[in-house]
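Visitor: File name upload.cif; file contents mmCIF, C-alpha atoms; full text below.
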```cif
data_entry
loop_
_atom_site.label_atom_id
_atom_site.label_comp_id
_atom_site.auth_asym_id
_atom_site.auth_seq_id
_atom_site.Cartn_x
_atom_site.Cartn_y
_atom_site.Cartn_z
CA MET G 1 -15.72 -4.68 -23.53
CA ASN G 2 -14.10 -4.94 -20.10
CA PRO G 3 -12.63 -8.41 -19.65
CA MET G 4 -12.25 -7.95 -15.91
CA GLY G 5 -15.90 -7.07 -15.38
CA SER G 6 -17.26 -3.91 -13.80
CA PRO G 7 -17.70 -4.15 -10.02
CA SER G 8 -20.68 -2.43 -8.42
CA SER G 9 -20.36 0.61 -6.19
CA ARG G 10 -20.91 -1.68 -3.21
CA GLY G 11 -18.02 -3.89 -4.36
CA VAL G 12 -15.71 -0.86 -4.54
CA ALA G 13 -16.93 0.22 -1.10
CA ARG G 14 -16.14 -3.17 0.40
CA ALA G 15 -12.65 -3.19 -1.10
CA GLY G 16 -11.94 0.35 0.11
CA LEU G 17 -13.16 -0.24 3.66
CA ALA G 18 -11.32 -3.57 3.88
CA ALA G 19 -8.06 -1.92 2.77
CA ALA G 20 -8.57 0.88 5.31
CA ALA G 21 -9.22 -1.59 8.15
CA ALA G 22 -6.18 -3.68 7.23
CA GLY G 23 -4.04 -0.54 6.96
CA LEU G 24 -5.14 0.51 10.45
CA MET G 25 -4.30 -2.92 11.86
CA GLY G 26 -0.89 -2.80 10.20
CA LEU G 27 -0.20 0.67 11.61
CA LEU G 28 -1.13 -0.51 15.09
CA ALA G 29 1.07 -3.59 14.68
CA VAL G 30 4.06 -1.43 13.78
CA GLY G 31 3.49 0.79 16.79
CA ALA G 32 2.87 -2.03 19.25
CA TRP G 33 5.23 -4.82 18.11
CA LEU G 34 7.49 -3.99 15.19
CA ARG G 35 8.91 -0.54 15.83
CA PRO G 36 11.57 -1.57 18.43
CA GLY G 37 12.96 -4.13 15.99
CA LEU G 38 13.09 -1.88 12.93
CA PRO G 39 16.07 0.23 11.80
CA PHE G 40 14.22 3.54 11.47
CA GLU G 41 15.56 5.36 14.52
CA GLY G 42 19.17 4.27 14.59
CA GLY G 43 18.74 1.73 17.38
CA ASP G 44 21.67 -0.43 18.44
CA LEU G 45 21.84 -3.52 16.23
CA SER G 46 22.58 -5.89 19.09
CA GLU G 47 19.61 -4.56 21.08
CA ARG G 48 17.35 -4.98 18.06
CA ALA G 49 18.59 -8.53 17.50
CA SER G 50 17.86 -9.31 21.14
CA TYR G 51 14.37 -7.82 20.83
CA LEU G 52 13.58 -10.06 17.86
CA LEU G 53 14.56 -13.16 19.81
CA ARG G 54 12.58 -12.17 22.90
CA HIS G 55 9.44 -11.16 20.97
CA SER G 56 9.47 -13.55 18.02
CA ARG G 57 5.74 -14.30 18.15
CA CYS G 58 4.73 -10.63 18.23
CA TRP G 59 7.26 -9.91 15.49
CA THR G 60 5.83 -12.65 13.28
CA GLY G 61 2.21 -11.67 14.00
CA GLY G 62 2.89 -8.03 13.22
CA TRP G 63 4.42 -8.86 9.85
CA LEU G 64 1.59 -11.21 8.99
CA LEU G 65 -0.85 -8.35 9.55
CA CYS G 66 1.27 -6.07 7.35
CA GLY G 67 1.43 -8.69 4.61
CA PHE G 68 -2.33 -9.20 4.75
CA GLY G 69 -2.77 -5.44 4.47
CA ALA G 70 -0.58 -5.37 1.34
CA LEU G 71 -2.80 -8.02 -0.25
CA LEU G 72 -5.90 -5.93 0.44
CA VAL G 73 -4.26 -2.80 -0.97
CA VAL G 74 -3.61 -4.59 -4.26
CA ASN G 75 -7.13 -6.01 -4.16
CA LEU G 76 -8.43 -2.43 -4.01
CA TYR G 77 -6.26 -1.57 -7.01
CA ARG G 78 -7.70 -4.57 -8.84
CA VAL G 79 -11.30 -3.55 -8.11
CA LEU G 80 -10.70 0.05 -9.19
CA ALA G 81 -8.94 -1.09 -12.36
CA ALA G 82 -11.88 -3.34 -13.21
CA ARG G 83 -14.32 -0.47 -12.69
CA TRP G 84 -12.39 2.14 -14.65
CA SER G 85 -10.86 0.07 -17.44
CA GLY G 86 -13.69 1.10 -19.75
CA ALA G 87 -12.49 4.69 -19.46
CA SER G 88 -8.79 3.93 -19.79
CA GLU G 89 -7.94 0.28 -20.36
CA GLY G 90 -4.26 0.97 -21.00
CA LYS G 91 -3.71 2.86 -17.75
CA CYS G 92 -5.64 0.30 -15.71
CA GLY G 93 -3.83 -2.66 -17.24
CA LEU G 94 -0.42 -1.10 -16.59
CA ALA G 95 -1.48 -0.18 -13.04
CA ILE G 96 -2.29 -3.82 -12.26
CA ILE G 97 1.07 -4.98 -13.62
CA LEU G 98 2.91 -2.40 -11.49
CA ALA G 99 0.84 -3.14 -8.38
CA THR G 100 1.41 -6.89 -8.73
CA ALA G 101 5.16 -6.37 -9.11
CA GLY G 102 5.05 -4.05 -6.10
CA LEU G 103 3.25 -6.70 -4.06
CA ALA G 104 5.89 -9.30 -4.96
CA ALA G 105 8.67 -6.95 -3.83
CA ASP G 106 6.77 -5.94 -0.70
CA LEU G 107 6.05 -9.50 0.44
CA SER G 108 9.66 -10.49 -0.28
CA GLY G 109 10.87 -7.74 2.05
CA VAL G 110 8.31 -8.71 4.69
CA ALA G 111 9.43 -12.35 4.45
CA LEU G 112 13.07 -11.36 4.96
CA TRP G 113 12.26 -9.41 8.12
CA MET G 114 9.76 -11.95 9.44
CA ILE G 115 11.63 -15.19 8.72
CA ALA G 116 15.31 -14.39 8.23
CA ALA G 117 15.91 -11.59 10.77
CA PRO G 118 15.15 -13.34 14.11
CA GLY G 119 18.23 -15.10 15.47
CA LEU G 120 20.77 -13.17 13.39
CA GLY G 121 23.79 -11.37 14.74
CA ALA G 122 24.23 -7.62 14.38
CA ASP G 123 26.22 -7.72 11.12
CA GLN G 124 23.84 -10.18 9.47
CA LEU G 125 20.80 -8.22 10.64
CA LYS G 126 22.23 -5.08 9.03
CA LEU G 127 22.43 -6.88 5.68
CA VAL G 128 18.86 -8.17 5.99
CA ASP G 129 17.72 -4.63 6.81
CA LYS G 130 19.28 -3.30 3.61
CA MET G 131 17.64 -5.93 1.44
CA ALA G 132 14.23 -5.66 3.10
CA LEU G 133 14.26 -1.86 2.98
CA ALA G 134 15.18 -1.92 -0.70
CA LEU G 135 12.34 -4.31 -1.51
CA SER G 136 9.50 -3.13 0.73
CA LEU G 137 10.18 0.57 1.12
CA PHE G 138 11.92 1.50 -2.11
CA VAL G 139 10.89 -0.76 -4.99
CA ALA G 140 7.41 -1.58 -3.68
CA LYS G 141 6.52 2.00 -2.73
CA ILE G 142 7.56 3.32 -6.14
CA LEU G 143 5.53 0.65 -7.96
CA TYR G 144 2.47 1.06 -5.71
CA SER G 145 2.58 4.83 -6.12
CA LEU G 146 2.93 4.69 -9.90
CA ALA G 147 0.02 2.23 -10.07
CA GLY G 148 -2.09 4.45 -7.82
CA MET G 149 -1.41 7.53 -9.93
CA LEU G 150 -2.42 5.70 -13.11
CA LEU G 151 -5.66 4.53 -11.51
CA THR G 152 -6.42 8.02 -10.21
CA PHE G 153 -6.00 9.45 -13.71
CA ALA G 154 -8.22 6.67 -15.10
CA GLY G 155 -11.01 7.36 -12.60
CA TRP G 156 -10.64 11.13 -12.40
CA ARG G 157 -14.02 11.87 -14.01
CA GLU G 158 -15.84 9.60 -11.57
CA LEU G 159 -14.02 10.48 -8.36
CA PRO G 160 -15.09 13.50 -6.31
CA ARG G 161 -12.36 16.13 -6.54
CA GLY G 162 -11.51 15.88 -2.85
CA LEU G 163 -10.89 12.15 -3.14
CA GLY G 164 -8.82 12.65 -6.27
CA VAL G 165 -6.60 15.25 -4.61
CA LEU G 166 -6.24 13.09 -1.48
CA ALA G 167 -5.24 10.15 -3.69
CA PHE G 168 -2.40 12.14 -5.22
CA ALA G 169 -1.25 13.11 -1.70
CA VAL G 170 -1.07 9.39 -0.89
CA TRP G 171 1.01 8.55 -3.95
CA LEU G 172 3.36 11.49 -3.42
CA SER G 173 3.89 10.28 0.16
CA GLY G 174 4.83 6.90 -1.27
CA PHE G 175 7.50 8.52 -3.44
CA TYR G 176 8.71 10.48 -0.39
CA VAL G 177 9.16 7.22 1.56
CA ALA G 178 11.08 5.70 -1.35
CA GLY G 179 13.33 8.76 -1.46
CA LYS G 180 13.99 8.65 2.28
CA THR G 181 14.81 4.96 1.98
CA ALA G 182 17.32 5.65 -0.78
CA CYS G 183 19.12 8.31 1.26
CA GLY G 184 19.07 6.26 4.48
CA CYS G 185 17.20 8.88 6.51
CA GLY G 186 15.98 6.74 9.43
CA PRO G 187 13.83 9.07 11.60
CA GLY G 188 12.47 10.88 8.55
CA LEU G 189 11.64 7.53 7.00
CA PHE G 190 9.63 6.42 10.02
CA TRP G 191 7.51 9.57 10.09
CA GLY G 192 7.13 9.49 6.32
CA LEU G 193 5.76 5.97 6.62
CA ALA G 194 3.38 7.09 9.36
CA VAL G 195 2.06 9.93 7.19
CA LEU G 196 1.71 7.58 4.20
CA ALA G 197 -0.23 5.03 6.27
CA ILE G 198 -2.56 7.66 7.75
CA LEU G 199 -3.24 9.25 4.36
CA PHE G 200 -3.91 5.87 2.75
CA ILE G 201 -6.27 4.81 5.55
CA ALA G 202 -8.14 8.10 5.28
CA TRP G 203 -8.37 7.90 1.50
CA SER G 204 -9.45 4.27 1.24
CA ALA G 205 -11.99 4.72 4.06
CA ALA G 206 -13.40 7.87 2.41
CA LEU G 207 -13.48 6.05 -0.93
CA GLY G 208 -15.41 3.19 0.67
CA VAL G 209 -17.91 5.52 2.33
CA HIS G 210 -18.40 7.46 -0.89
CA TYR G 211 -19.24 4.36 -2.94
CA LEU G 212 -21.35 2.94 -0.12
CA ARG G 213 -23.59 5.99 -0.38
CA ILE G 214 -24.07 5.64 -4.13
CA SER G 215 -27.25 3.79 -4.96
CA PRO G 216 -27.32 1.50 -8.04
CA GLY G 217 -28.17 3.28 -11.26
CA ARG G 218 -27.61 6.75 -9.81
CA MET G 219 -25.64 9.21 -11.93
CA GLY G 220 -21.97 8.75 -11.05
CA GLY G 221 -22.66 5.51 -9.22
CA GLU G 222 -22.55 3.05 -12.07
CA ALA G 223 -21.00 5.35 -14.61
CA SER G 224 -19.96 4.03 -17.97
CA PHE G 225 -17.25 5.79 -19.88
CA THR G 226 -16.29 5.95 -23.50
CA PRO G 227 -12.88 4.35 -23.96
CA ASP G 228 -10.10 6.79 -24.73
CA PRO G 229 -8.78 5.93 -28.23
CA ARG G 230 -5.31 7.04 -27.14
CA ASP G 231 -5.16 3.99 -24.81
#
```
Show me, as structure tokens, the structure contained in the file I just sent.
Guide:
Amino acid sequence: MNPMGSPSSRGVARAGLAAAAAGLMGLLAVGAWLRPGLPFEGGDLSERASYLLRHSRCWTGGWLLCGFGALLVVNLYRVLAARWSGASEGKCGLAIILATAGLAADLSGVALWMIAAPGLGADQLKLVDKMALALSLFVAKILYSLAGMLLTFAGWRELPRGLGVLAFAVWLSGFYVAGKTACGCGPGLFWGLAVLAILFIAWSAALGVHYLRISPGRMGGEASFTPDPRD
């Protein structure tokens, strides 16, 4: 028995399309409002601090969009875990724990940049950068990627092969971003994040479209799996 319930194909489609839309909004927010204030390209700290003061509303709005997107990403994880827990309850349960921990780290980093960074001097801003990067782009990306891999393994028999392969490309990009964060590679980190965002948007949108096309009761649409005794 699945204690979380088994969402319909349409429910999975809604979660996937919502996550894709939120991811796109977050990507646009970074490009339009957040990028000049972020440490990815080695910008002068005093210039960045000045930018945050002059554009505090855009800075706050951009981070709110990113935080909302993170919530919808974890919601997609939750929906997929509920659907596939009958096939692999252990993997799905662990994935939700990891994703929830990742969300806590991610939102903590977002809060530091959004609330603490504006108004700081250059030295203080550098410290906030280090803490926010460690939380949002190292810890969170590792936890999100591990959770995503577990879910992909759990749903492998139901997912079309193209979507499964694309999913692994997303999670590997997440590990790449975490690695770039650890080594302090600014420009490489920015482009790694861009690739990760684009891959995730493409995957979650394709996932949503795939499940939207599945009619109730059709083979593969409302599949039921035999639990794996190893879980």
Visitor: The PyMOL selection byres ((chain G and resi 166-178) around 10) - which residues does that actually catch in the file I just gave you? List them as a PyMOL selection string.
Guide: chain G and resi 133-134+136-149+151-153+159+161-165+179-185+188-204+206-207
Visitor: Do you know which residues are at most 9 Å from Arg48 in chain G counting all atoms listed in the file, after dropping those on the same chain fewer than 5 positions away, and could you put them as a list in words?
Guide: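 Close residues of Arg48 in chain G: Pro36, Gly37, Leu38, Pro39, Gly43, Leu53, Ala122 and Leu125 of chain G.
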Visitor: Can you tell me how far CA of Ala70 in chain G sits from CA of Ala19 in chain G, in Å to one decimal?
Guide: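 Going from CA of Ala70 in chain G over to CA of Ala19 in chain G covers 8.4 Å.
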Visitor: Please list as a list in words every residue within 12 Å of Leu17 in chain G, counting only C-alpha atoms and excluding residues in the same chain fewer than 4 positions away.
Guide: Arg10, Gly11, Val12, Ala13, Ala21, Ala22, Gly23, Leu24, Gly69, Leu72, Val73, Asn75, Leu76, Phe200, Ile201, Ala202, Trp203, Ser204, Ala205, Ala206, Leu207, Gly208, Val209, His210, Tyr211 and Leu212 of chain G
Visitor: Pick out the closest residue to Ala82 in chain G from this set: G:Gly67, G:Ala18, G:Trp156, G:Ala95. Count all atoms listed in the file.
Guide: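 Once distances to Ala82 in chain G are computed over all atoms listed in the file, the minimum belongs to G:Ala95.
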Visitor: Would you compute the distance between CA of Val74 in chain G and CA of Ala154 in chain G? Give it in Å to one decimal.
Guide: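 Between CA of Val74 in chain G and CA of Ala154 in chain G the gap works out to 16.3 Å.
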Visitor: Name every residue that the PyMOL selection byres ((chain G and resi 84) around 9) selects in this structure, writing the answer as a VMD selection string with chains first and numbers rising.
Guide: chain G and resid 6 79 to 83 85 to 89 92 151 154 to 155 158 224 to 225
Visitor: Could you check how far CA of Ser50 in chain G sits from CA of Ala117 in chain G, in Å to one decimal?
Guide: 10.8 Å
Visitor: For the provided coordinates, the residues matched by the PyMOL selection byres ((chain G and resi 113-116) around 7) should be stated as number ranges by chain.
Guide: G: 59-60, 63, 109-112, 117-118, 132
Visitor: Pick the closest to Tyr77 in chain G from G:Ile214, G:Met131, G:Ala99, G:Ala49: which is it, counting all atoms listed in the file?
Guide: G:Ala99
Visitor: Between G:Asp106, G:Arg78, G:Lys91, G:Leu135, which residue has the minimum interatomic distance to Pro7 in chain G, considering all atoms listed in the file?
Guide: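 Closest residue, counting all atoms listed in the file: G:Arg78.
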Visitor: Draw an axis-aligned box tight on the listed atoms of range 62-66 of chain G, then pad every side by 4 Å and write out centre and edge lengths in Å to one decimal as JSON.
Guide:
```
{"center_x": 1.8, "center_y": -8.6, "center_z": 10.3, "size_x": 13.3, "size_y": 13.1, "size_z": 13.9}
```
